[in-house]
Amino acid sequence: MRILVVEDDEVLLNGLQVGLGFAGFSVDVVSGCADAAIALRTSAFDAIVLDLMLPDGSGLDLLSHLRAGGTQTPVLLLTARDSVMDRITGLDAGADDYLGKPFDLDEVAARLRALTRRAAGHASAHLVWRDVVLDPASMAVTRDGVFIRLSRREFAILHALMERPGHILSKIQLEERIYGWQEDVESNAIEVHVHNVRSKLGSGVIETVRGVGYRLAGSGT
Amino acid sequence: MTSIRARLFLILLITTGIVWLSAFAWIYMNTRAEVERVLDARLIEAARMVNSLINSQEISPGKAAALPDQTPKAHTPYDRQLSCQIWALDGTLVARSESAPGQPLTDSTAGFSETVVDGETWRVYAVENDALGVRVMVGDNLRVRDRLVRDVIRGLVLPGLLTLPVLAALIWFSVRKGLAPLNDMARALELRPASDLSAMPDSNSPTEIKPMIRSLNGLFARVNTAREHERDFTAFAAHELRTPISGLKTQAQIALTSDTDAVRDQALRQIIVGVDRTSRLVRQLTDLTNAENGDMDSGGGAVSAGMLMRKIAEDIQHHHPTAARIAISDELENTPLRANETLFMLATRNLLENAVQHSPADQLVTCRVERGAHSIRVLIEDCGPGIPEDELHKVCNRFFRGRNKTVLGSGLGLAIADLALRRMSAQLHLQNRAEGGLRAQMRFQI
């Protein structure tokens with residue numbers, strides 16, 4: 001799941017990048033409104049973590065601008081100002097959630113999972129497809145009750161496909177989703193990961209749609 | 001004496017007492033003089049009356065002398081006041097009244113005199129009747145006169161003394177009543193919670209208390225402003241500390257959960273940077289408070305700008321050994337400045353720290369001085385990225401961190417420098433140098 005973090009404090013920015021990476025997110029970071037606007041124009045993100053006080057403007061303005069432009073991406077405001085009034089202002093400006101500093105890294109991750117889950121239209125924290133159960137919080141996958149160990153990337157690919165069982169995701173979309181900007185992506189990386197998932201879960205789960213991308217088996221018919 | 005009530009009471013009581021005493025003394029003297037005048041007139045009248053009776057032969061002096069001495073009867077206090085004697089000019093007692101003594105009442109031949117006879121003092125008026133060869137003496141017992149005056153005064157003083165406690169009570173009550181508004185105010189102030197700094201109503205208070213209430217309200221307003229300012233500042237500071245603390249916490253969580261040494265080391269290094277920055281922020285917050293509230297007189301003596309800047313430069317280089325070096329011009333070394341040392345050091349330290357942090361490590365930060373007709377300008381020039389022109393006017397705002405910020409920047413340094421200089425009636429002027437970098441100018445009036 002690809003997240004954009006907008007925060008001007010370098011130590012915190014680095015912490016969020018590394019910490020959310022541990023939680024299974026692919027994290028891109030920027031430290032100002034202008035950079036964030038550019039990032040949002042060029043890439044698709046599953047969620048945005050936004051600080052309110054940025055050197056080149058207010059996060060609220062960026063948020064209002066995003067919402068006015070029709071962007072639906074869930075936004076988690078992360079700010080030192082967390083009085084009730086501030087929270088109301090933030091939520092009314094189009095934020096989906098609000099977290100006061102200092103926060104717990106695990107809580108940020110949990111809230112991001114909840115936000116993306118809701119945005120994808122799921123109520124349950126677990127994604128279920130046939131006998132495959134995926135738990136984003138613990139990054140655990142079971143098939144028929146048997147725990148299956150997946151790497152972070154493999155998990156991310158399965159997660160992306162299970163979020164929308166009917167949809168076909170192209171190789172580019174998957175790459176965007178599981179890799180940040182700074183990461184070097186081997187040209188066949190996605191094929192390798194899909195191959196690994198198939199060998200671990202069994203071949204009947206991920207289906208290749210030739211020339212288009214991947215989807216969960218049998219969902220298109 | 002600290003109680004206004006007791007003081008007023010005592011003053012009123014003493015002054016009333018003095019007025020009363022003076023009144024008594026005056027009445028005493030007056031009564032005495034009046035009694036004397038009236039009784040003297042009566043003496044003259046009585047003497048003349050007896051004289052005229054002798055003249056008209058209604059009294060025979062010879063018969064009168066034969067009267068035996070009669071023992072005195074019971075008398076009222078004012079009886080036996082008058083005595084009358086008729087003496088022949090040759091010294092024989094011709095006649096005397098009932099209460100009169102045997103000896104002559106006076107040696108004086110005519111007019112008023114006072115004599116002591118048998119231990120009694122008499123006021124005597126004598127008339128000589130040359131035709132009949134007798135002298136008429138009419139005497140007034142002074143003891144009786146004194147008693148008369150005393151009785152009059154006693155009649156006045158006794159009720160006075162008896163009403164004194166009542167008067168005291170009335171004074172006490174009046175003073176209490178009169179001071180009630182003061183008590184009310186004291187009670188209102190006493191009941192006030194420490195947080196309540198609203199103005200006291202002064203519309204219904206007496207004119208004497210109004211100025212005090214107004215002064216108090218003025219004080220309340222000033223305290224309130226100071227407190228609000230402090231509260232805002234504390235809130236702002238707390239708010240500013242939250243972000244670095246979040247960073248520290250996040251990095252600590254990473255260090256705890258990571259099982260990779262490289263990641264853990266990186267997180268720990270970030271924590272150290274975070275702690276450095278947070279402690280600098282805390283130091284700067286204290287500096288800001290000091291620059292704002294410290295008791296510093298700006299008219300202090302001269303400081304050696306160069307010497308102080310060298311001291312700060314050494315300290316900065318001690319803490320940041322790899323950062324850009326600071327060069328101080330010789331002319332600056334010999335420049336005395338009329339400034340407060342503490343404020344000057346606050347301003348300079350923050351400007352120099354900024355310059356060093358923004359400059360490439362291989363470039364010099366130079367400090368020099370320029371003298372104008374009305375001012376001495378101390379310049380600090382770095383070779384860093386400068387400040388974007390659109391940010392120049394707001395970089396002195398507290399917690400403003402522009403685009404060209406450093407990891408350690410808190411957004412307070414320039415605010416502190418600006419404030420410290422303004423407190424010395426000096427100005428901070430920032431401009432981007434044409435050759436790149438920032439020129440910070442501290443302008444001191446001569």
# chains A, B, ... in the order shown; residues from 1 in each chain; ligands from 1

$ closest_atom_pairs --of "chain A" --to "chain B" --cutoff "6 Å" --atoms "only C-alpha atoms" --output "JSON lines"
{"residue": "A:Val11", "atom": "CA", "partner": "B:Gly247", "partner_atom": "CA", "distance": 5.3}
{"residue": "A:Leu12", "atom": "CA", "partner": "B:Gly247", "partner_atom": "CA", "distance": 3.7}
{"residue": "A:Gly15", "atom": "CA", "partner": "B:Gln251", "partner_atom": "CA", "distance": 5.1}
{"residue": "A:Gly19", "atom": "CA", "partner": "B:Ile254", "partner_atom": "CA", "distance": 5.8}
{"residue": "A:Pro55", "atom": "CA", "partner": "B:Gly402", "partner_atom": "CA", "distance": 5.4}
{"residue": "A:Ala80", "atom": "CA", "partner": "B:His239", "partner_atom": "CA", "distance": 5.6}
{"residue": "A:Lys101", "atom": "CA", "partner": "B:Arg242", "partner_atom": "CA", "distance": 5.7}
{"residue": "A:Pro102", "atom": "CA", "partner": "B:Ser246", "partner_atom": "CA", "distance": 4.2}
{"residue": "A:Leu105", "atom": "CA", "partner": "B:Thr250", "partner_atom": "CA", "distance": 5.9}

$ write_last_selection --atoms "N, CA and C atoms" --output "mmCIF file, in the first residue's frame"
data_model
loop_
_atom_site.group_PDB
_atom_site.id
_atom_site.type_symbol
_atom_site.label_atom_id
_atom_site.label_comp_id
_atom_site.auth_asym_id
_atom_site.auth_seq_id
_atom_site.Cartn_x
_atom_site.Cartn_y
_atom_site.Cartn_z
ATOM 1 N N VAL A 11 13.668 14.388 11.340
ATOM 2 C CA VAL A 11 13.783 13.185 12.167
ATOM 3 C C VAL A 11 12.465 12.414 12.141
ATOM 4 N N LEU A 12 11.380 13.151 12.288
ATOM 5 C CA LEU A 12 10.068 12.513 12.302
ATOM 6 C C LEU A 12 9.746 11.925 10.930
ATOM 7 N N GLY A 15 11.546 8.818 10.554
ATOM 8 C CA GLY A 15 10.928 7.811 11.423
ATOM 9 C C GLY A 15 9.679 7.227 10.807
ATOM 10 N N GLY A 19 9.396 3.480 9.827
ATOM 11 C CA GLY A 19 8.430 2.777 10.683
ATOM 12 C C GLY A 19 7.242 2.262 9.900
ATOM 13 N N PRO A 55 6.452 24.546 6.155
ATOM 14 C CA PRO A 55 7.172 25.810 5.938
ATOM 15 C C PRO A 55 6.569 26.658 4.828
ATOM 16 N N ALA A 80 0.511 18.772 15.876
ATOM 17 C CA ALA A 80 0.726 19.091 17.279
ATOM 18 C C ALA A 80 -0.485 19.802 17.859
ATOM 19 N N LYS A 101 0.200 14.852 17.919
ATOM 20 C CA LYS A 101 1.579 14.499 18.247
ATOM 21 C C LYS A 101 1.766 14.654 19.752
ATOM 22 N N PRO A 102 2.586 13.888 20.418
ATOM 23 C CA PRO A 102 3.312 12.750 19.865
ATOM 24 C C PRO A 102 2.408 11.522 19.805
ATOM 25 N N LEU A 105 3.615 5.004 16.665
ATOM 26 C CA LEU A 105 3.819 4.561 15.287
ATOM 27 C C LEU A 105 2.809 3.486 14.894
#

$ select_by_dssp --residues "stretch 225-333 of chain B" --states "strand (DSSP E or B)" --output "list in words"
Ala302, Val303, Ser304, Ile326, Ala327 and Ile328 of chain B

$ residues_around --residues "B:Glu333" --least-positions-apart "4" --cutoff "7 Å" --atoms "only C-alpha atoms" --output "PyMOL selection string"
chain B and resi 305-307+329

$ write_last_selection --atoms "C-alpha atoms" --output "PDB file, in the first residue's frame"
ATOM      1  CA  ALA B 305      32.043  43.437  20.569  1.00  0.00           C
ATOM      2  CA  GLY B 306      35.045  41.595  19.140  1.00  0.00           C
ATOM      3  CA  MET B 307      35.974  39.924  22.395  1.00  0.00           C
ATOM      4  CA  SER B 329      38.071  41.359  11.702  1.00  0.00           C
TER       5      SER B 329
END

$ closest_residue --among "B:Arg423, B:His358, B:Arg368, B:His319" --to "B:Asn290" --atoms "only C-alpha atoms"
B:Arg423

$ residues_around --residues "stretch 56-67 of chain A" --least-positions-apart "4" --cutoff "9 Å" --atoms "only C-alpha atoms" --output "compact mmCIF listing (two decimals) with C-alpha atoms, in the first residue's frame"
# COMPACT_ATOMS: atom_id res chain seq x y z
CA VAL A 6 4.04 15.25 4.23
CA GLY A 32 6.34 20.82 1.98
CA CYS A 33 3.02 21.69 0.36
CA ALA A 34 4.51 22.37 -3.06
CA ALA A 36 3.26 17.24 -1.96
CA ALA A 37 1.15 18.78 -4.72
CA LEU A 40 0.06 13.84 -5.83
CA LEU A 50 -0.34 15.24 6.39
CA ASP A 51 1.25 17.64 8.88
CA LEU A 52 -0.60 20.90 9.37
CA THR A 71 -9.13 13.72 -4.92
CA GLN A 72 -10.67 10.95 -2.83
CA THR A 73 -7.46 9.66 -1.24
CA VAL A 75 -5.97 11.81 4.54
CA LEU A 77 -3.81 14.65 9.71
CA THR A 89 -11.45 22.28 11.53
CA GLY A 90 -9.22 19.54 10.17
CA ALA A 93 -11.51 20.60 5.69
CA GLY A 94 -11.72 17.07 4.32
CA ALA A 95 -9.46 14.97 6.53
CA ARG B 401 11.13 27.92 9.55
CA GLY B 402 11.68 28.81 5.97
CA ARG B 403 12.52 26.69 2.99

$ select_by_dssp --residues "stretch 82-199 of chain B" --states "helix (DSSP H, G or I)" --output "NGL selection string"
:B and (142-178 or 180-191)

$ closest_residue --among "B:Ala434, B:Leu414, B:Cys84, B:Val175" --to "B:Glu98" --atoms "only C-alpha atoms"
B:Cys84

$ atom_distance --atom1 "atom CA of A:Ala120" --atom2 "atom CA of A:Val84"
28.1 Å

$ residues_around --residues "stretch 437-441 of chain B" --least-positions-apart "4" --cutoff "8 Å" --atoms "only C-alpha atoms" --output "list in words"
Leu351, Ala355, Ser359, Arg377, Val378, Leu379, Ile380, Glu381, Asp382, Cys383, Gly384, Pro385, Gly386, Ile387, Gln427, Leu428, His429, Leu430, Gln431, Asn432 and Arg433 of chain B

$ write_last_selection --atoms "N, CA and C atoms" --output "PDB file, in the first residue's frame"
ATOM      1  N   LEU B 351      22.770  34.601  15.696  1.00  0.00           N
ATOM      2  CA  LEU B 351      23.121  34.953  14.315  1.00  0.00           C
ATOM      3  C   LEU B 351      24.306  34.120  13.839  1.00  0.00           C
ATOM      4  N   ALA B 355      24.550  31.399  10.833  1.00  0.00           N
ATOM      5  CA  ALA B 355      25.507  31.572   9.744  1.00  0.00           C
ATOM      6  C   ALA B 355      26.335  30.299   9.565  1.00  0.00           C
ATOM      7  N   SER B 359      26.281  27.798   6.271  1.00  0.00           N
ATOM      8  CA  SER B 359      27.439  27.942   5.385  1.00  0.00           C
ATOM      9  C   SER B 359      28.042  26.584   5.053  1.00  0.00           C
ATOM     10  N   ARG B 377      27.682  49.517  12.674  1.00  0.00           N
ATOM     11  CA  ARG B 377      27.009  48.320  12.178  1.00  0.00           C
ATOM     12  C   ARG B 377      27.951  47.125  12.275  1.00  0.00           C
ATOM     13  N   VAL B 378      27.491  46.104  13.006  1.00  0.00           N
ATOM     14  CA  VAL B 378      28.272  44.870  13.103  1.00  0.00           C
ATOM     15  C   VAL B 378      27.676  43.901  12.088  1.00  0.00           C
ATOM     16  N   LEU B 379      28.525  43.376  11.174  1.00  0.00           N
ATOM     17  CA  LEU B 379      28.021  42.540  10.089  1.00  0.00           C
ATOM     18  C   LEU B 379      28.500  41.103  10.256  1.00  0.00           C
ATOM     19  N   ILE B 380      27.575  40.178  10.027  1.00  0.00           N
ATOM     20  CA  ILE B 380      27.932  38.760  10.006  1.00  0.00           C
ATOM     21  C   ILE B 380      27.538  38.244   8.629  1.00  0.00           C
ATOM     22  N   GLU B 381      28.536  37.776   7.863  1.00  0.00           N
ATOM     23  CA  GLU B 381      28.249  37.364   6.487  1.00  0.00           C
ATOM     24  C   GLU B 381      28.580  35.889   6.300  1.00  0.00           C
ATOM     25  N   ASP B 382      27.642  35.155   5.713  1.00  0.00           N
ATOM     26  CA  ASP B 382      27.918  33.738   5.457  1.00  0.00           C
ATOM     27  C   ASP B 382      27.813  33.457   3.959  1.00  0.00           C
ATOM     28  N   CYS B 383      28.178  32.247   3.589  1.00  0.00           N
ATOM     29  CA  CYS B 383      28.134  31.869   2.178  1.00  0.00           C
ATOM     30  C   CYS B 383      27.066  30.805   1.955  1.00  0.00           C
ATOM     31  N   GLY B 384      26.054  30.809   2.775  1.00  0.00           N
ATOM     32  CA  GLY B 384      24.989  29.807   2.674  1.00  0.00           C
ATOM     33  C   GLY B 384      24.010  30.162   1.578  1.00  0.00           C
ATOM     34  N   PRO B 385      22.856  29.556   1.597  1.00  0.00           N
ATOM     35  CA  PRO B 385      21.871  29.775   0.535  1.00  0.00           C
ATOM     36  C   PRO B 385      21.104  31.090   0.689  1.00  0.00           C
ATOM     37  N   GLY B 386      21.296  31.794   1.814  1.00  0.00           N
ATOM     38  CA  GLY B 386      20.529  33.016   2.030  1.00  0.00           C
ATOM     39  C   GLY B 386      19.088  32.706   2.386  1.00  0.00           C
ATOM     40  N   ILE B 387      18.253  33.737   2.313  1.00  0.00           N
ATOM     41  CA  ILE B 387      16.837  33.558   2.647  1.00  0.00           C
ATOM     42  C   ILE B 387      16.038  33.985   1.426  1.00  0.00           C
ATOM     43  N   GLN B 427      18.946  47.595  15.777  1.00  0.00           N
ATOM     44  CA  GLN B 427      18.094  46.936  14.786  1.00  0.00           C
ATOM     45  C   GLN B 427      18.818  45.791  14.101  1.00  0.00           C
ATOM     46  N   LEU B 428      18.008  44.802  13.737  1.00  0.00           N
ATOM     47  CA  LEU B 428      18.541  43.691  12.952  1.00  0.00           C
ATOM     48  C   LEU B 428      18.077  43.887  11.513  1.00  0.00           C
ATOM     49  N   HIS B 429      19.053  43.805  10.607  1.00  0.00           N
ATOM     50  CA  HIS B 429      18.698  43.972   9.203  1.00  0.00           C
ATOM     51  C   HIS B 429      19.292  42.793   8.436  1.00  0.00           C
ATOM     52  N   LEU B 430      18.438  42.051   7.722  1.00  0.00           N
ATOM     53  CA  LEU B 430      18.922  40.878   6.996  1.00  0.00           C
ATOM     54  C   LEU B 430      18.832  41.144   5.501  1.00  0.00           C
ATOM     55  N   GLN B 431      19.875  40.782   4.779  1.00  0.00           N
ATOM     56  CA  GLN B 431      19.768  40.903   3.326  1.00  0.00           C
ATOM     57  C   GLN B 431      20.621  39.822   2.653  1.00  0.00           C
ATOM     58  N   ASN B 432      20.186  39.413   1.488  1.00  0.00           N
ATOM     59  CA  ASN B 432      20.953  38.441   0.719  1.00  0.00           C
ATOM     60  C   ASN B 432      22.092  39.159   0.026  1.00  0.00           C
ATOM     61  N   ARG B 433      23.287  38.568   0.084  1.00  0.00           N
ATOM     62  CA  ARG B 433      24.438  39.204  -0.547  1.00  0.00           C
ATOM     63  C   ARG B 433      24.411  38.903  -2.050  1.00  0.00           C
TER      64      ARG B 433
END

$ closest_residue --among "A:Ile3, A:Val209, A:Met162, A:Leu13" --to "A:Asp28" --atoms "only C-alpha atoms"
A:Ile3

$ decode --residues "stretch 105-147 of chain A" --atoms "N, CA and C atoms" --output "mmCIF file, in the first residue's frame"
data_model
loop_
_atom_site.group_PDB
_atom_site.id
_atom_site.type_symbol
_atom_site.label_atom_id
_atom_site.label_comp_id
_atom_site.auth_asym_id
_atom_site.auth_seq_id
_atom_site.Cartn_x
_atom_site.Cartn_y
_atom_site.Cartn_z
ATOM 1 N N LEU A 105 3.615 5.004 16.665
ATOM 2 C CA LEU A 105 3.819 4.561 15.287
ATOM 3 C C LEU A 105 2.809 3.486 14.894
ATOM 4 N N ASP A 106 2.557 2.540 15.817
ATOM 5 C CA ASP A 106 1.613 1.452 15.521
ATOM 6 C C ASP A 106 0.213 1.993 15.297
ATOM 7 N N GLU A 107 -0.100 3.068 16.047
ATOM 8 C CA GLU A 107 -1.434 3.641 15.883
ATOM 9 C C GLU A 107 -1.566 4.304 14.512
ATOM 10 N N VAL A 108 -0.514 4.976 14.085
ATOM 11 C CA VAL A 108 -0.553 5.587 12.751
ATOM 12 C C VAL A 108 -0.805 4.498 11.710
ATOM 13 N N ALA A 109 -0.061 3.392 11.855
ATOM 14 C CA ALA A 109 -0.211 2.291 10.893
ATOM 15 C C ALA A 109 -1.629 1.734 10.930
ATOM 16 N N ALA A 110 -2.162 1.542 12.156
ATOM 17 C CA ALA A 110 -3.503 0.967 12.286
ATOM 18 C C ALA A 110 -4.544 1.885 11.668
ATOM 19 N N ARG A 111 -4.389 3.201 11.937
ATOM 20 C CA ARG A 111 -5.363 4.138 11.383
ATOM 21 C C ARG A 111 -5.285 4.185 9.860
ATOM 22 N N LEU A 112 -4.061 4.093 9.345
ATOM 23 C CA LEU A 112 -3.907 4.095 7.886
ATOM 24 C C LEU A 112 -4.577 2.862 7.289
ATOM 25 N N ARG A 113 -4.425 1.712 7.962
ATOM 26 C CA ARG A 113 -5.077 0.485 7.468
ATOM 27 C C ARG A 113 -6.587 0.662 7.476
ATOM 28 N N ALA A 114 -7.094 1.240 8.593
ATOM 29 C CA ALA A 114 -8.536 1.435 8.688
ATOM 30 C C ALA A 114 -9.025 2.383 7.591
ATOM 31 N N LEU A 115 -8.260 3.454 7.357
ATOM 32 C CA LEU A 115 -8.658 4.443 6.343
ATOM 33 C C LEU A 115 -8.710 3.818 4.968
ATOM 34 N N THR A 116 -7.663 3.051 4.629
ATOM 35 C CA THR A 116 -7.614 2.477 3.283
ATOM 36 C C THR A 116 -8.674 1.394 3.141
ATOM 37 N N ARG A 117 -8.918 0.673 4.234
ATOM 38 C CA ARG A 117 -9.933 -0.372 4.207
ATOM 39 C C ARG A 117 -11.297 0.241 3.904
ATOM 40 N N ARG A 118 -11.595 1.315 4.624
ATOM 41 C CA ARG A 118 -12.880 1.970 4.436
ATOM 42 C C ARG A 118 -12.984 2.561 3.021
ATOM 43 N N ALA A 119 -11.858 3.123 2.572
ATOM 44 C CA ALA A 119 -11.875 3.719 1.233
ATOM 45 C C ALA A 119 -12.142 2.655 0.179
ATOM 46 N N ALA A 120 -11.679 1.432 0.456
ATOM 47 C CA ALA A 120 -11.896 0.356 -0.511
ATOM 48 C C ALA A 120 -13.252 -0.303 -0.310
ATOM 49 N N GLY A 121 -14.001 0.139 0.678
ATOM 50 C CA GLY A 121 -15.351 -0.365 0.880
ATOM 51 C C GLY A 121 -15.446 -1.626 1.700
ATOM 52 N N HIS A 122 -14.409 -1.919 2.501
ATOM 53 C CA HIS A 122 -14.484 -3.091 3.367
ATOM 54 C C HIS A 122 -14.832 -2.676 4.776
ATOM 55 N N ALA A 123 -15.617 -3.529 5.425
ATOM 56 C CA ALA A 123 -15.939 -3.247 6.813
ATOM 57 C C ALA A 123 -15.002 -4.008 7.733
ATOM 58 N N SER A 124 -14.692 -5.214 7.349
ATOM 59 C CA SER A 124 -13.875 -6.060 8.219
ATOM 60 C C SER A 124 -12.399 -5.697 8.070
ATOM 61 N N ALA A 125 -11.666 -5.924 9.134
ATOM 62 C CA ALA A 125 -10.234 -5.653 9.098
ATOM 63 C C ALA A 125 -9.520 -6.722 8.281
ATOM 64 N N HIS A 126 -10.163 -7.893 8.131
ATOM 65 C CA HIS A 126 -9.547 -8.992 7.373
ATOM 66 C C HIS A 126 -10.107 -9.021 5.962
ATOM 67 N N LEU A 127 -9.276 -9.364 5.038
ATOM 68 C CA LEU A 127 -9.760 -9.548 3.674
ATOM 69 C C LEU A 127 -9.900 -11.057 3.448
ATOM 70 N N VAL A 128 -11.068 -11.439 2.958
ATOM 71 C CA VAL A 128 -11.303 -12.877 2.747
ATOM 72 C C VAL A 128 -11.643 -13.106 1.271
ATOM 73 N N TRP A 129 -10.963 -14.038 0.699
ATOM 74 C CA TRP A 129 -11.310 -14.449 -0.679
ATOM 75 C C TRP A 129 -11.246 -15.959 -0.694
ATOM 76 N N ARG A 130 -12.421 -16.552 -0.938
ATOM 77 C CA ARG A 130 -12.538 -18.008 -0.821
ATOM 78 C C ARG A 130 -11.960 -18.466 0.508
ATOM 79 N N ASP A 131 -10.947 -19.331 0.488
ATOM 80 C CA ASP A 131 -10.406 -19.798 1.766
ATOM 81 C C ASP A 131 -9.128 -19.061 2.152
ATOM 82 N N VAL A 132 -8.822 -17.969 1.416
ATOM 83 C CA VAL A 132 -7.626 -17.179 1.764
ATOM 84 C C VAL A 132 -8.054 -16.007 2.658
ATOM 85 N N VAL A 133 -7.390 -15.900 3.828
ATOM 86 C CA VAL A 133 -7.689 -14.794 4.744
ATOM 87 C C VAL A 133 -6.417 -13.962 4.912
ATOM 88 N N LEU A 134 -6.555 -12.645 4.691
ATOM 89 C CA LEU A 134 -5.388 -11.769 4.798
ATOM 90 C C LEU A 134 -5.643 -10.746 5.913
ATOM 91 N N ASP A 135 -4.694 -10.651 6.858
ATOM 92 C CA ASP A 135 -4.839 -9.695 7.961
ATOM 93 C C ASP A 135 -3.789 -8.594 7.797
ATOM 94 N N PRO A 136 -4.199 -7.408 7.346
ATOM 95 C CA PRO A 136 -3.212 -6.342 7.099
ATOM 96 C C PRO A 136 -2.448 -5.922 8.351
ATOM 97 N N ALA A 137 -3.100 -6.003 9.522
ATOM 98 C CA ALA A 137 -2.450 -5.532 10.740
ATOM 99 C C ALA A 137 -1.248 -6.393 11.101
ATOM 100 N N SER A 138 -1.456 -7.698 11.074
ATOM 101 C CA SER A 138 -0.354 -8.578 11.468
ATOM 102 C C SER A 138 0.434 -9.072 10.257
ATOM 103 N N MET A 139 0.022 -8.622 9.073
ATOM 104 C CA MET A 139 0.649 -9.038 7.821
ATOM 105 C C MET A 139 0.683 -10.560 7.704
ATOM 106 N N ALA A 140 -0.423 -11.176 8.157
ATOM 107 C CA ALA A 140 -0.482 -12.642 8.121
ATOM 108 C C ALA A 140 -1.481 -13.104 7.060
ATOM 109 N N VAL A 141 -1.155 -14.206 6.393
ATOM 110 C CA VAL A 141 -2.057 -14.792 5.393
ATOM 111 C C VAL A 141 -2.280 -16.256 5.762
ATOM 112 N N THR A 142 -3.535 -16.680 5.746
ATOM 113 C CA THR A 142 -3.802 -18.107 5.961
ATOM 114 C C THR A 142 -4.606 -18.631 4.780
ATOM 115 N N ARG A 143 -4.370 -19.892 4.434
ATOM 116 C CA ARG A 143 -5.229 -20.522 3.430
ATOM 117 C C ARG A 143 -5.749 -21.803 4.054
ATOM 118 N N ASP A 144 -7.080 -21.843 4.140
ATOM 119 C CA ASP A 144 -7.699 -23.014 4.750
ATOM 120 C C ASP A 144 -7.212 -23.178 6.188
ATOM 121 N N GLY A 145 -6.993 -22.066 6.856
ATOM 122 C CA GLY A 145 -6.574 -22.101 8.256
ATOM 123 C C GLY A 145 -5.089 -22.334 8.443
ATOM 124 N N VAL A 146 -4.367 -22.550 7.359
ATOM 125 C CA VAL A 146 -2.925 -22.814 7.490
ATOM 126 C C VAL A 146 -2.152 -21.517 7.251
ATOM 127 N N PHE A 147 -1.282 -21.158 8.159
ATOM 128 C CA PHE A 147 -0.513 -19.919 8.048
ATOM 129 C C PHE A 147 0.502 -20.038 6.924
#
